[in-house]
file protein_27.csv (CSV, C-alpha atoms)
chain,number,residue,atom,x,y,z
U,712,MET,CA,29.6,-8.9,59.9
U,713,PHE,CA,32.6,-7.6,58.1
U,714,GLU,CA,35.0,-10.3,59.3
U,715,LYS,CA,34.9,-12.2,56.1
U,716,ILE,CA,34.3,-10.2,53.0
U,717,HIS,CA,33.9,-12.1,49.7
U,718,LEU,CA,34.9,-10.9,46.3
U,719,TYR,CA,31.4,-11.0,44.9
U,720,GLN,CA,30.3,-8.5,47.7
U,721,VAL,CA,32.9,-6.0,46.7
U,722,VAL,CA,32.1,-6.3,43.0
U,723,VAL,CA,28.3,-6.1,43.5
U,724,VAL,CA,28.6,-3.1,45.9
U,725,PHE,CA,31.0,-1.3,43.5
U,726,ILE,CA,28.7,-1.8,40.4
U,727,SER,CA,25.6,-0.9,42.4
U,728,SER,CA,27.2,2.3,43.8
U,729,VAL,CA,28.2,3.4,40.3
U,730,MET,CA,24.7,2.7,38.9
U,731,LEU,CA,23.1,4.5,41.8
U,732,PHE,CA,25.5,7.5,41.6
U,733,GLN,CA,24.8,7.7,37.8
U,734,GLY,CA,21.0,7.6,38.3
U,735,ILE,CA,21.0,10.2,41.1
U,736,LYS,CA,23.3,12.5,39.2
U,737,ASP,CA,21.2,12.3,36.0
U,738,PHE,CA,18.0,13.0,38.0
U,739,VAL,CA,19.5,15.9,39.9
U,740,LYS,CA,20.9,17.4,36.7
U,741,ARG,CA,17.5,16.9,35.1
U,742,GLU,CA,18.8,15.0,32.1
U,743,VAL,CA,16.2,14.3,29.4
U,744,GLY,CA,14.0,11.2,30.2
U,745,GLN,CA,15.1,11.0,33.9
U,746,THR,CA,11.8,10.6,35.7
U,747,LEU,CA,11.3,10.1,39.4
U,748,LEU,CA,9.8,6.6,38.6
U,749,LYS,CA,13.0,5.7,36.8
U,750,LEU,CA,15.1,6.8,39.8
U,751,ILE,CA,12.9,4.8,42.2
U,752,VAL,CA,13.2,1.7,40.1
U,753,ARG,CA,17.0,2.2,39.9
U,754,ILE,CA,17.3,2.6,43.6
U,755,VAL,CA,15.1,-0.4,44.4
U,756,VAL,CA,17.0,-2.7,41.9
U,757,TRP,CA,20.6,-1.6,42.5
U,758,GLY,CA,20.0,-0.7,46.1
U,759,GLY,CA,18.4,-4.0,46.7
U,760,MET,CA,21.4,-5.8,45.2
U,761,ALA,CA,23.8,-3.8,47.3
U,762,LEU,CA,21.8,-4.5,50.4
U,763,VAL,CA,21.8,-8.2,49.8
U,764,ALA,CA,25.5,-8.2,49.1
U,765,ILE,CA,26.3,-6.2,52.3
U,766,TYR,CA,23.7,-7.9,54.6
U,767,PRO,CA,23.2,-11.5,53.3
U,768,ASN,CA,20.9,-12.1,56.2
U,769,PHE,CA,18.5,-9.6,54.7
U,770,THR,CA,17.4,-12.5,52.4
U,771,TYR,CA,15.9,-14.3,55.4
U,772,SER,CA,13.9,-11.3,56.4
U,773,LEU,CA,12.7,-11.0,52.8
U,774,SER,CA,11.7,-14.7,52.6
U,775,LYS,CA,9.7,-14.2,55.8
U,776,LEU,CA,8.1,-11.1,54.5
U,777,ILE,CA,6.9,-12.5,51.2
U,778,GLY,CA,6.2,-16.0,52.6
U,779,ILE,CA,8.7,-18.0,50.6
U,780,GLU,CA,10.6,-20.3,52.9
U,781,ASP,CA,13.8,-20.6,51.0
U,782,ASN,CA,15.7,-17.3,51.2
U,783,ILE,CA,17.5,-17.6,47.8
U,784,THR,CA,14.3,-18.5,46.1
U,785,ALA,CA,12.7,-15.4,47.7
U,786,VAL,CA,15.4,-13.2,46.3
U,787,ILE,CA,15.1,-14.7,42.8
U,788,VAL,CA,11.3,-14.4,42.8
U,789,THR,CA,11.5,-10.8,43.9
U,790,GLY,CA,14.1,-10.1,41.2
U,791,PHE,CA,11.9,-11.7,38.5
U,792,ILE,CA,9.0,-9.5,39.6
U,793,PHE,CA,11.1,-6.4,39.3
U,794,VAL,CA,12.6,-7.5,36.0
U,795,PHE,CA,9.0,-8.1,34.7
U,796,LEU,CA,7.9,-4.7,35.9
U,797,ILE,CA,10.9,-3.1,34.2
U,798,ILE,CA,10.2,-5.0,30.9
U,799,PHE,CA,6.5,-4.0,31.2
U,800,LYS,CA,7.4,-0.4,31.6
U,801,LEU,CA,9.9,-0.5,28.7
U,802,LEU,CA,7.5,-2.2,26.3
U,803,SER,CA,4.8,0.3,27.1
U,804,ALA,CA,7.3,3.1,26.4
U,805,ILE,CA,8.3,1.5,23.1
U,806,GLU,CA,4.6,1.0,22.2
U,807,LYS,CA,4.0,4.7,22.8
U,808,LEU,CA,7.1,5.7,20.7
U,809,GLU,CA,5.9,3.4,17.9
U,810,GLN,CA,2.5,5.1,17.9
U,811,ASN,CA,4.1,8.5,17.8
U,812,MET,CA,6.4,7.4,14.9
U,813,SER,CA,3.4,6.2,12.9
U,814,GLU,CA,1.5,9.5,13.6
U,815,LEU,CA,4.5,11.6,12.5
U,816,THR,CA,5.0,9.4,9.4
U,817,ARG,CA,1.3,9.8,8.5
U,818,ARG,CA,1.4,13.6,9.0
U,819,GLU,CA,4.5,13.9,6.8
U,820,SER,CA,3.1,11.7,4.0
U,821,LEU,CA,-0.2,13.7,4.0
U,822,LYS,CA,1.8,17.0,4.1
U,823,ASP,CA,3.9,15.9,1.2
U,824,ALA,CA,0.8,15.0,-0.8
U,825,HIS,CA,-1.1,18.1,0.3
U,826,GLU,CA,-1.0,19.9,-3.0
U,827,ARG,CA,-2.0,16.8,-5.0
U,828,ILE,CA,-4.9,16.1,-2.6
U,829,GLU,CA,-6.1,19.7,-2.9
U,830,LYS,CA,-5.9,19.6,-6.7
U,831,LEU,CA,-7.8,16.3,-6.8
U,832,ARG,CA,-10.4,17.6,-4.4
U,833,ARG,CA,-11.0,20.7,-6.6
U,834,GLU,CA,-11.3,18.4,-9.6
U,835,LEU,CA,-13.8,16.2,-7.8
U,836,ILE,CA,-15.9,19.3,-6.7
U,837,ALA,CA,-15.8,20.6,-10.3
U,838,ASP,CA,-17.0,17.2,-11.6
U,839,ARG,CA,-19.8,17.0,-9.0
U,840,ASP,CA,-20.9,20.6,-9.9
U,841,GLY,CA,-20.9,19.6,-13.5
U,842,ASP,CA,-23.0,16.6,-12.8
U,843,VAL,CA,-25.5,18.7,-10.9
U,844,ASN,CA,-25.7,21.3,-13.7
U,845,ASP,CA,-26.3,18.6,-16.3
A,92,MET,CA,-25.5,13.3,-8.0
A,93,SER,CA,-22.5,10.9,-8.3
A,94,LEU,CA,-21.1,9.4,-5.2
A,95,ARG,CA,-17.4,9.5,-4.5
A,96,ILE,CA,-16.0,6.0,-3.9
A,97,ALA,CA,-12.4,5.9,-2.8
A,98,VAL,CA,-10.3,2.7,-3.0
A,99,VAL,CA,-7.4,2.7,-0.5
A,100,ILE,CA,-4.6,0.3,-1.4
A,101,PRO,CA,-1.8,-0.1,1.2
A,102,ILE,CA,1.4,-1.5,-0.4
A,103,PHE,CA,4.8,-2.7,0.7
A,104,ASN,CA,7.3,-3.7,-2.0
A,105,GLU,CA,4.5,-4.4,-4.6
A,106,ALA,CA,6.3,-2.7,-7.6
A,107,CYS,CA,5.6,-5.9,-9.7
A,108,ALA,CA,1.8,-6.0,-9.0
A,109,ILE,CA,0.5,-2.5,-8.2
A,110,GLY,CA,0.3,-1.4,-11.8
A,111,SER,CA,-1.9,-4.2,-12.9
A,112,VAL,CA,-4.0,-4.0,-9.8
A,113,LEU,CA,-4.7,-0.3,-10.5
A,114,GLU,CA,-5.5,-0.9,-14.1
A,115,GLU,CA,-7.8,-3.7,-13.3
A,116,THR,CA,-9.6,-1.7,-10.6
A,117,ARG,CA,-10.0,1.3,-12.9
A,118,LYS,CA,-11.8,-1.0,-15.4
A,119,HIS,CA,-14.5,-1.8,-12.8
A,120,GLY,CA,-15.5,1.7,-12.0
A,121,ASP,CA,-14.7,5.4,-11.7
A,122,TYR,CA,-13.0,5.2,-8.3
A,123,ILE,CA,-10.7,7.5,-6.6
A,124,LEU,CA,-7.6,5.4,-6.3
A,125,ILE,CA,-5.4,6.1,-3.2
A,126,VAL,CA,-2.2,4.0,-2.8
A,127,VAL,CA,-0.2,4.2,0.4
A,128,ASP,CA,3.4,3.1,-0.1
A,129,ASP,CA,4.4,1.9,3.4
A,130,GLY,CA,8.1,2.6,3.1
A,131,SER,CA,8.9,0.2,0.2
A,132,SER,CA,12.5,-0.3,-0.8
A,133,ASP,CA,11.5,-0.9,-4.5
A,134,ASP,CA,9.7,1.4,-7.0
A,135,SER,CA,6.2,0.8,-5.7
A,136,PHE,CA,5.5,4.5,-5.2
A,137,VAL,CA,6.8,5.4,-8.7
A,138,HIS,CA,4.6,2.7,-10.3
A,139,ALA,CA,1.5,3.8,-8.3
A,140,SER,CA,2.0,7.4,-9.4
A,141,ALA,CA,2.6,6.4,-13.0
A,142,HIS,CA,-0.7,4.5,-13.1
A,143,GLY,CA,-2.6,7.6,-12.1
A,144,ALA,CA,-3.3,6.9,-8.4
A,145,LEU,CA,-3.0,9.4,-5.7
A,146,ALA,CA,0.1,8.0,-4.2
A,147,LEU,CA,1.2,8.7,-0.7
A,148,ARG,CA,4.5,7.6,0.8
A,149,HIS,CA,5.4,6.6,4.4
A,150,LYS,CA,9.1,7.3,4.7
A,151,LEU,CA,9.3,4.5,7.3
A,152,ASN,CA,7.6,1.1,7.2
A,153,ARG,CA,4.8,1.4,9.8
A,154,GLY,CA,2.7,-1.6,9.0
A,155,LYS,CA,-0.5,-2.4,7.1
A,156,GLY,CA,-2.8,-0.8,9.6
A,157,ALA,CA,-0.9,2.4,9.7
A,158,ALA,CA,-1.0,2.6,5.8
A,159,VAL,CA,-4.7,1.9,5.7
A,160,LYS,CA,-5.3,4.7,8.3
A,161,THR,CA,-3.3,7.1,6.2
A,162,GLY,CA,-5.3,6.2,3.1
A,163,ILE,CA,-8.6,6.6,4.9
A,164,MET,CA,-7.5,10.0,6.2
A,165,ALA,CA,-6.6,11.1,2.6
A,166,ALA,CA,-10.0,9.7,1.5
A,167,ASN,CA,-11.7,11.8,4.2
A,168,LEU,CA,-9.8,14.9,3.0
A,169,LEU,CA,-11.2,14.2,-0.5
A,170,GLU,CA,-14.7,13.9,1.1
A,171,ALA,CA,-15.3,10.4,-0.2
A,172,ASP,CA,-18.8,9.0,0.5
A,173,VAL,CA,-17.6,5.4,0.6
A,174,ILE,CA,-14.1,4.1,1.3
A,175,VAL,CA,-13.0,0.6,0.2
A,176,THR,CA,-9.8,-0.9,1.4
A,177,MET,CA,-8.2,-3.7,-0.6
A,178,ASP,CA,-4.8,-5.4,-0.8
A,179,GLY,CA,-2.2,-4.4,-3.4
A,180,ASP,CA,-1.0,-7.8,-4.4
A,181,GLY,CA,-3.9,-8.7,-6.7
A,182,GLN,CA,-5.5,-11.2,-4.3
A,183,HIS,CA,-8.7,-9.2,-4.2
A,184,ASP,CA,-10.9,-9.1,-7.3
A,185,PRO,CA,-12.0,-5.4,-8.0
A,186,ALA,CA,-15.2,-6.9,-9.5
A,187,ASP,CA,-16.3,-7.4,-5.9
A,188,ILE,CA,-16.0,-3.7,-5.0
A,189,MET,CA,-19.6,-2.8,-6.0
A,190,ALA,CA,-20.9,-5.7,-3.9
A,191,LEU,CA,-19.2,-4.1,-0.9
A,192,VAL,CA,-20.3,-0.6,-1.7
A,193,ILE,CA,-24.0,-1.1,-2.5
A,194,PRO,CA,-25.2,-1.9,1.0
A,195,ILE,CA,-23.6,1.4,2.2
A,196,ILE,CA,-25.0,3.4,-0.7
A,197,GLU,CA,-28.5,2.0,0.1
A,198,GLY,CA,-27.9,3.2,3.7
A,199,LYS,CA,-28.5,-0.2,5.2
A,200,VAL,CA,-25.1,-0.5,6.9
A,201,ASP,CA,-22.0,1.5,8.0
A,202,VAL,CA,-19.4,-1.2,7.3
A,203,VAL,CA,-19.3,-4.1,4.8
A,204,LEU,CA,-16.8,-6.9,5.4
A,205,GLY,CA,-15.6,-8.9,2.5
A,206,SER,CA,-15.5,-12.5,3.6
A,207,ARG,CA,-13.2,-15.1,2.0
A,208,LEU,CA,-14.7,-17.9,4.0
A,209,MET,CA,-18.1,-17.3,2.5
A,210,ASN,CA,-16.6,-18.1,-0.8
A,211,ARG,CA,-13.8,-20.5,0.1
A,212,GLU,CA,-13.7,-23.1,-2.7
A,213,LYS,CA,-10.2,-22.2,-3.8
A,214,MET,CA,-8.9,-21.3,-0.4
A,215,PRO,CA,-6.0,-23.4,0.8
A,216,TRP,CA,-7.1,-25.4,3.9
A,217,PRO,CA,-4.3,-24.1,6.2
A,218,LYS,CA,-5.7,-20.6,5.5
A,219,VAL,CA,-9.2,-21.8,6.3
A,220,VAL,CA,-8.0,-23.2,9.7
A,221,ALA,CA,-5.9,-20.1,10.4
A,222,ASN,CA,-8.9,-17.8,9.6
A,223,TYR,CA,-11.2,-19.8,11.9
A,224,ILE,CA,-8.7,-19.5,14.7
A,225,GLY,CA,-8.4,-15.8,14.0
A,226,ASN,CA,-12.2,-15.4,14.1
A,227,ILE,CA,-12.5,-17.2,17.4
A,228,ILE,CA,-9.7,-15.2,19.0
A,229,THR,CA,-11.2,-11.9,17.8
A,230,TRP,CA,-14.6,-13.1,19.2
A,231,LEU,CA,-13.0,-13.9,22.5
A,232,LEU,CA,-11.2,-10.7,22.8
A,233,TYR,CA,-13.7,-8.2,21.3
A,234,GLY,CA,-17.0,-10.0,21.6
A,235,LEU,CA,-18.1,-10.0,18.0
A,236,PHE,CA,-18.1,-13.1,15.7
A,237,VAL,CA,-17.6,-12.5,12.0
A,238,SER,CA,-16.8,-15.1,9.4
A,239,ASP,CA,-13.5,-13.4,8.3
A,240,SER,CA,-12.0,-11.2,10.9
A,241,GLN,CA,-8.7,-10.9,9.0
A,242,SER,CA,-10.0,-9.8,5.6
A,243,GLY,CA,-8.6,-6.5,4.4
A,244,PHE,CA,-11.3,-6.1,1.7
A,245,ARG,CA,-13.8,-3.9,3.4
A,246,ALA,CA,-16.0,-0.8,2.7
A,247,TYR,CA,-16.8,2.0,5.1
A,248,SER,CA,-19.3,4.8,5.1
A,249,LYS,CA,-18.1,8.3,5.6
A,250,TYR,CA,-19.5,8.1,9.2
A,251,ALA,CA,-17.8,4.8,9.9
A,252,ALA,CA,-14.5,6.0,8.5
A,253,LEU,CA,-14.5,9.0,10.8
A,254,ILE,CA,-15.6,7.2,13.9
A,255,ILE,CA,-13.4,4.1,13.7
A,256,ASP,CA,-10.3,4.9,15.8
A,257,THR,CA,-7.7,2.4,16.6
A,258,LYS,CA,-4.0,2.7,17.4
A,259,ALA,CA,-3.1,-0.7,15.8
A,260,ASP,CA,-0.5,-0.3,13.1
A,261,LYS,CA,0.2,-3.8,12.0
A,262,TYR,CA,-1.9,-6.7,10.9
A,263,GLU,CA,-4.0,-6.6,14.1
A,264,TYR,CA,-5.7,-3.5,12.6
A,265,ASP,CA,-8.3,-5.7,10.9
A,266,SER,CA,-9.3,-7.3,14.2
A,267,LYS,CA,-9.4,-3.9,15.9
A,268,VAL,CA,-11.9,-2.7,13.3
A,269,ILE,CA,-14.2,-5.5,14.5
A,270,ARG,CA,-13.8,-4.2,18.0
A,271,GLU,CA,-14.7,-0.7,16.8
A,272,ILE,CA,-17.8,-2.0,15.0
A,273,LYS,CA,-18.9,-3.6,18.3
A,274,ASN,CA,-18.0,-0.7,20.6
A,275,ASN,CA,-19.5,2.0,18.3
A,276,ARG,CA,-22.6,-0.2,17.5
A,277,LEU,CA,-22.0,0.2,13.8
A,278,ARG,CA,-24.3,-1.6,11.4
A,279,PHE,CA,-22.4,-4.1,9.4
A,280,LYS,CA,-22.8,-6.8,6.8
A,281,GLU,CA,-20.6,-9.5,5.4
A,282,VAL,CA,-20.5,-10.3,1.7
A,283,PRO,CA,-18.6,-13.1,0.0
A,284,VAL,CA,-15.5,-12.1,-1.9
A,285,LEU,CA,-13.3,-14.0,-4.2
A,286,THR,CA,-9.6,-14.4,-3.3
A,287,ARG,CA,-7.1,-15.2,-6.0
A,288,TYR,CA,-4.2,-17.1,-4.5
A,289,THR,CA,-1.4,-16.6,-7.0
A,290,GLU,CA,2.2,-17.8,-6.8
A,291,TYR,CA,3.2,-14.2,-6.4
A,292,SER,CA,0.9,-13.4,-3.5
A,293,MET,CA,1.5,-16.7,-1.7
A,294,GLY,CA,5.3,-16.2,-1.9
A,295,LYS,CA,5.4,-12.8,-0.3
A,296,LYS,CA,7.5,-12.6,2.9
A,297,GLN,CA,5.4,-9.9,4.6
A,298,LYS,CA,2.1,-11.8,4.2
A,299,GLN,CA,0.2,-12.8,7.4
A,300,GLY,CA,1.5,-16.3,7.8
A,301,PHE,CA,1.6,-18.6,10.8
A,302,PHE,CA,4.5,-16.9,12.5
A,303,ASN,CA,3.2,-13.4,11.7
A,304,GLY,CA,-0.2,-14.6,13.0
A,305,LEU,CA,1.3,-15.5,16.4
A,306,VAL,CA,3.0,-12.1,16.5
A,307,THR,CA,-0.3,-10.4,15.7
A,308,LEU,CA,-2.0,-12.5,18.5
A,309,GLY,CA,0.8,-11.4,20.9
A,310,ARG,CA,0.2,-7.7,20.0
A,311,MET,CA,-3.6,-8.1,20.5
A,312,LEU,CA,-3.1,-9.6,23.9
A,313,TRP,CA,-0.4,-7.1,24.9
A,314,LYS,CA,-2.6,-4.2,24.0
A,315,MET,CA,-5.3,-5.5,26.3
A,316,ILE,CA,-2.9,-5.4,29.3
A,317,ALA,CA,-0.6,-2.5,28.4
call {"tool": "encode", "arguments": {"input": "protein_27.csv", "output": "structure tokens"}}
result
Amino acid sequence: MFEKIHLYQVVVVFISSVMLFQGIKDFVKREVGQTLLKLIVRIVVWGGMALVAIYPNFTYSLSKLIGIEDNITAVIVTGFIFVFLIIFKLLSAIEKLEQNMSELTRRESLKDAHERIEKLRRELIADRDGDVND
Amino acid sequence: MSLRIAVVIPIFNEACAIGSVLEETRKHGDYILIVVDDGSSDDSFVHASAHGALALRHKLNRGKGAAVKTGIMAANLLEADVIVTMDGDGQHDPADIMALVIPIIEGKVDVVLGSRLMNREKMPWPKVVANYIGNIITWLLYGLFVSDSQSGFRAYSKYAALIIDTKADKYEYDSKVIREIKNNRLRFKEVPVLTRYTEYSMGKKQKQGFFNGLVTLGRMLWKMIA
């Protein structure tokens, strides 16, 4: 298996190891925003790349497993699915952040105008009471 | 007893137009004018304040929907009986406000939608086509067909203003309100409104054009799956 090692295998394994080490370290140190889901995604993506680099024959097992005959196509399709899932997760997170930003912006603008709103409200109540008395 | 009618005007870089819009609106009735400056880089906020409106400012640009929601919240704090939303570029004619408000005062409906397509003589044809497409998409996604799903000229009763709840911050807000009408079984009516297409309003970058329309559609579809 290790008789002939190609350069790409060394590079991919090295990058994957760094990324996995970084992810596990952040999760263990409980860095902000490091969730279990994020760690799992990282292990699946980078671990998967390392696995394919170390055991190229793994792609045949994968192609049999997902039913796509061509092994490289199977890897690419699987990769696309993961990338899509990651993008989906990222966009959902951005969406949530955007909503929080809007809510904060709204609260701040209403807080800044609080005195003016209260003053106007009192004036309107006084006007309404005046109308009723008339 | 006099009813409190609040007019909410969301603006973004409308320093040139907001003064005249407020003056014109004031001529048509004793309304509570609420302007929400959505993070403008010009003097829109200063101009709105100088013309006697209750001016609120978003420190960041959050979109038309977000600004309208802020304005409606302020109107609720002022205990307004009817809340009207209109654009700040002078496209909407304040003379139409009463036509929007009367059905709510009469207690017949909860929401009145101003429809440009019911009064479309001066409407450019690309806008007519775009509006029809917007109406069909809104109908397909939210199950309610209206003649102008993208109109920002609307009136809400106090009840409707409290119950309508959408997280949409950009231009898709107008369509999401249609969904809220359907989901909350609110009574609604459409009335024809005049739209004035001036060189100024048509030349604005941030207006809902073809590209922005596609972005809005993308957002509407995304929110259905996300």
call {"tool": "atom_distance", "arguments": {"input": "protein_27.csv", "atom1": "atom CA of A:Val175", "atom2": "atom CA of A:Tyr247"}}
result
6.4 Å
call {"tool": "residues_around", "arguments": {"input": "protein_27.csv", "residues": "stretch 265-267 of chain A", "least_positions_apart": "6", "cutoff": "8 Å", "atoms": "only C-alpha atoms", "output": "PyMOL selection string"}}
result
chain A and resi 156+229+240-243+257+259
call {"tool": "interface_residues", "arguments": {"input": "protein_27.csv", "of": "chain U", "to": "chain A", "cutoff": "12 Å", "atoms": "only C-alpha atoms", "output": "count of residues only"}}
result
49
call {"tool": "atom_distance", "arguments": {"input": "protein_27.csv", "atom1": "atom CA of A:Ala97", "atom2": "atom CA of A:Ser238"}}
result
24.7 Å
call {"tool": "residues_around", "arguments": {"input": "protein_27.csv", "residues": "stretch 213-216 of chain A", "least_positions_apart": "2", "cutoff": "8 Å", "atoms": "only C-alpha atoms", "output": "VMD selection string"}}
result
chain A and resid 207 211 218 to 220 286 to 288
call {"tool": "residues_around", "arguments": {"input": "protein_27.csv", "residues": "stretch 757-768 of chain U", "least_positions_apart": "5", "cutoff": "9 Å", "atoms": "all atoms listed in the file", "output": "ChimeraX atom specification"}}
result
/U:712-713,716,719-721,723-728,730-731,752,773,782,786
call {"tool": "atom_distance", "arguments": {"input": "protein_27.csv", "atom1": "atom CA of A:Ile100", "atom2": "atom CA of A:Asn303"}}
result
20.5 Å
call {"tool": "closest_residue", "arguments": {"input": "protein_27.csv", "among": "A:Arg276, A:His183, A:Arg270, A:Lys199", "to": "A:Leu235", "atoms": "all atoms listed in the file"}}
result
A:Arg270
call {"tool": "residues_near_point", "arguments": {"input": "protein_27.csv", "point": "(13.9, -1.8, -4.6)", "cutoff": "10 Å", "atoms": "all atoms listed in the file", "output": "number ranges by chain"}}
result
A: 104-106, 131-135
call {"tool": "residues_around", "arguments": {"input": "protein_27.csv", "residues": "A:Ala221", "least_positions_apart": "4", "cutoff": "12 Å", "atoms": "only C-alpha atoms", "output": "list of chain:residue names"}}
result
A:Leu208, A:Met214, A:Pro215, A:Trp216, A:Pro217, A:Gly225, A:Asn226, A:Ile227, A:Ile228, A:Asp239, A:Ser240, A:Gln241, A:Gln299, A:Gly300, A:Phe301, A:Phe302, A:Asn303, A:Gly304, A:Leu305, A:Leu308
call {"tool": "write_last_selection", "arguments": {"input": "protein_27.csv", "atoms": "C-alpha atoms", "output": "compact mmCIF listing (two decimals), in the frame of the given file"}}
result
# COMPACT_ATOMS: atom_id res chain seq x y z
CA LEU A 208 -14.70 -17.90 4.00
CA MET A 214 -8.90 -21.30 -0.40
CA PRO A 215 -6.00 -23.40 0.80
CA TRP A 216 -7.10 -25.40 3.90
CA PRO A 217 -4.30 -24.10 6.20
CA GLY A 225 -8.40 -15.80 14.00
CA ASN A 226 -12.20 -15.40 14.10
CA ILE A 227 -12.50 -17.20 17.40
CA ILE A 228 -9.70 -15.20 19.00
CA ASP A 239 -13.50 -13.40 8.30
CA SER A 240 -12.00 -11.20 10.90
CA GLN A 241 -8.70 -10.90 9.00
CA GLN A 299 0.20 -12.80 7.40
CA GLY A 300 1.50 -16.30 7.80
CA PHE A 301 1.60 -18.60 10.80
CA PHE A 302 4.50 -16.90 12.50
CA ASN A 303 3.20 -13.40 11.70
CA GLY A 304 -0.20 -14.60 13.00
CA LEU A 305 1.30 -15.50 16.40
CA LEU A 308 -2.00 -12.50 18.50
call {"tool": "closest_residue", "arguments": {"input": "protein_27.csv", "among": "A:Gly205, A:Pro194, A:Gly309, A:Pro185", "to": "A:Tyr122", "atoms": "only C-alpha atoms"}}
result
A:Pro185
call {"tool": "closest_residue", "arguments": {"input": "protein_27.csv", "among": "U:Ile777, U:Ile735, U:Ser772, U:Ile787", "to": "U:Leu747", "atoms": "all atoms listed in the file"}}
result
U:Ile735
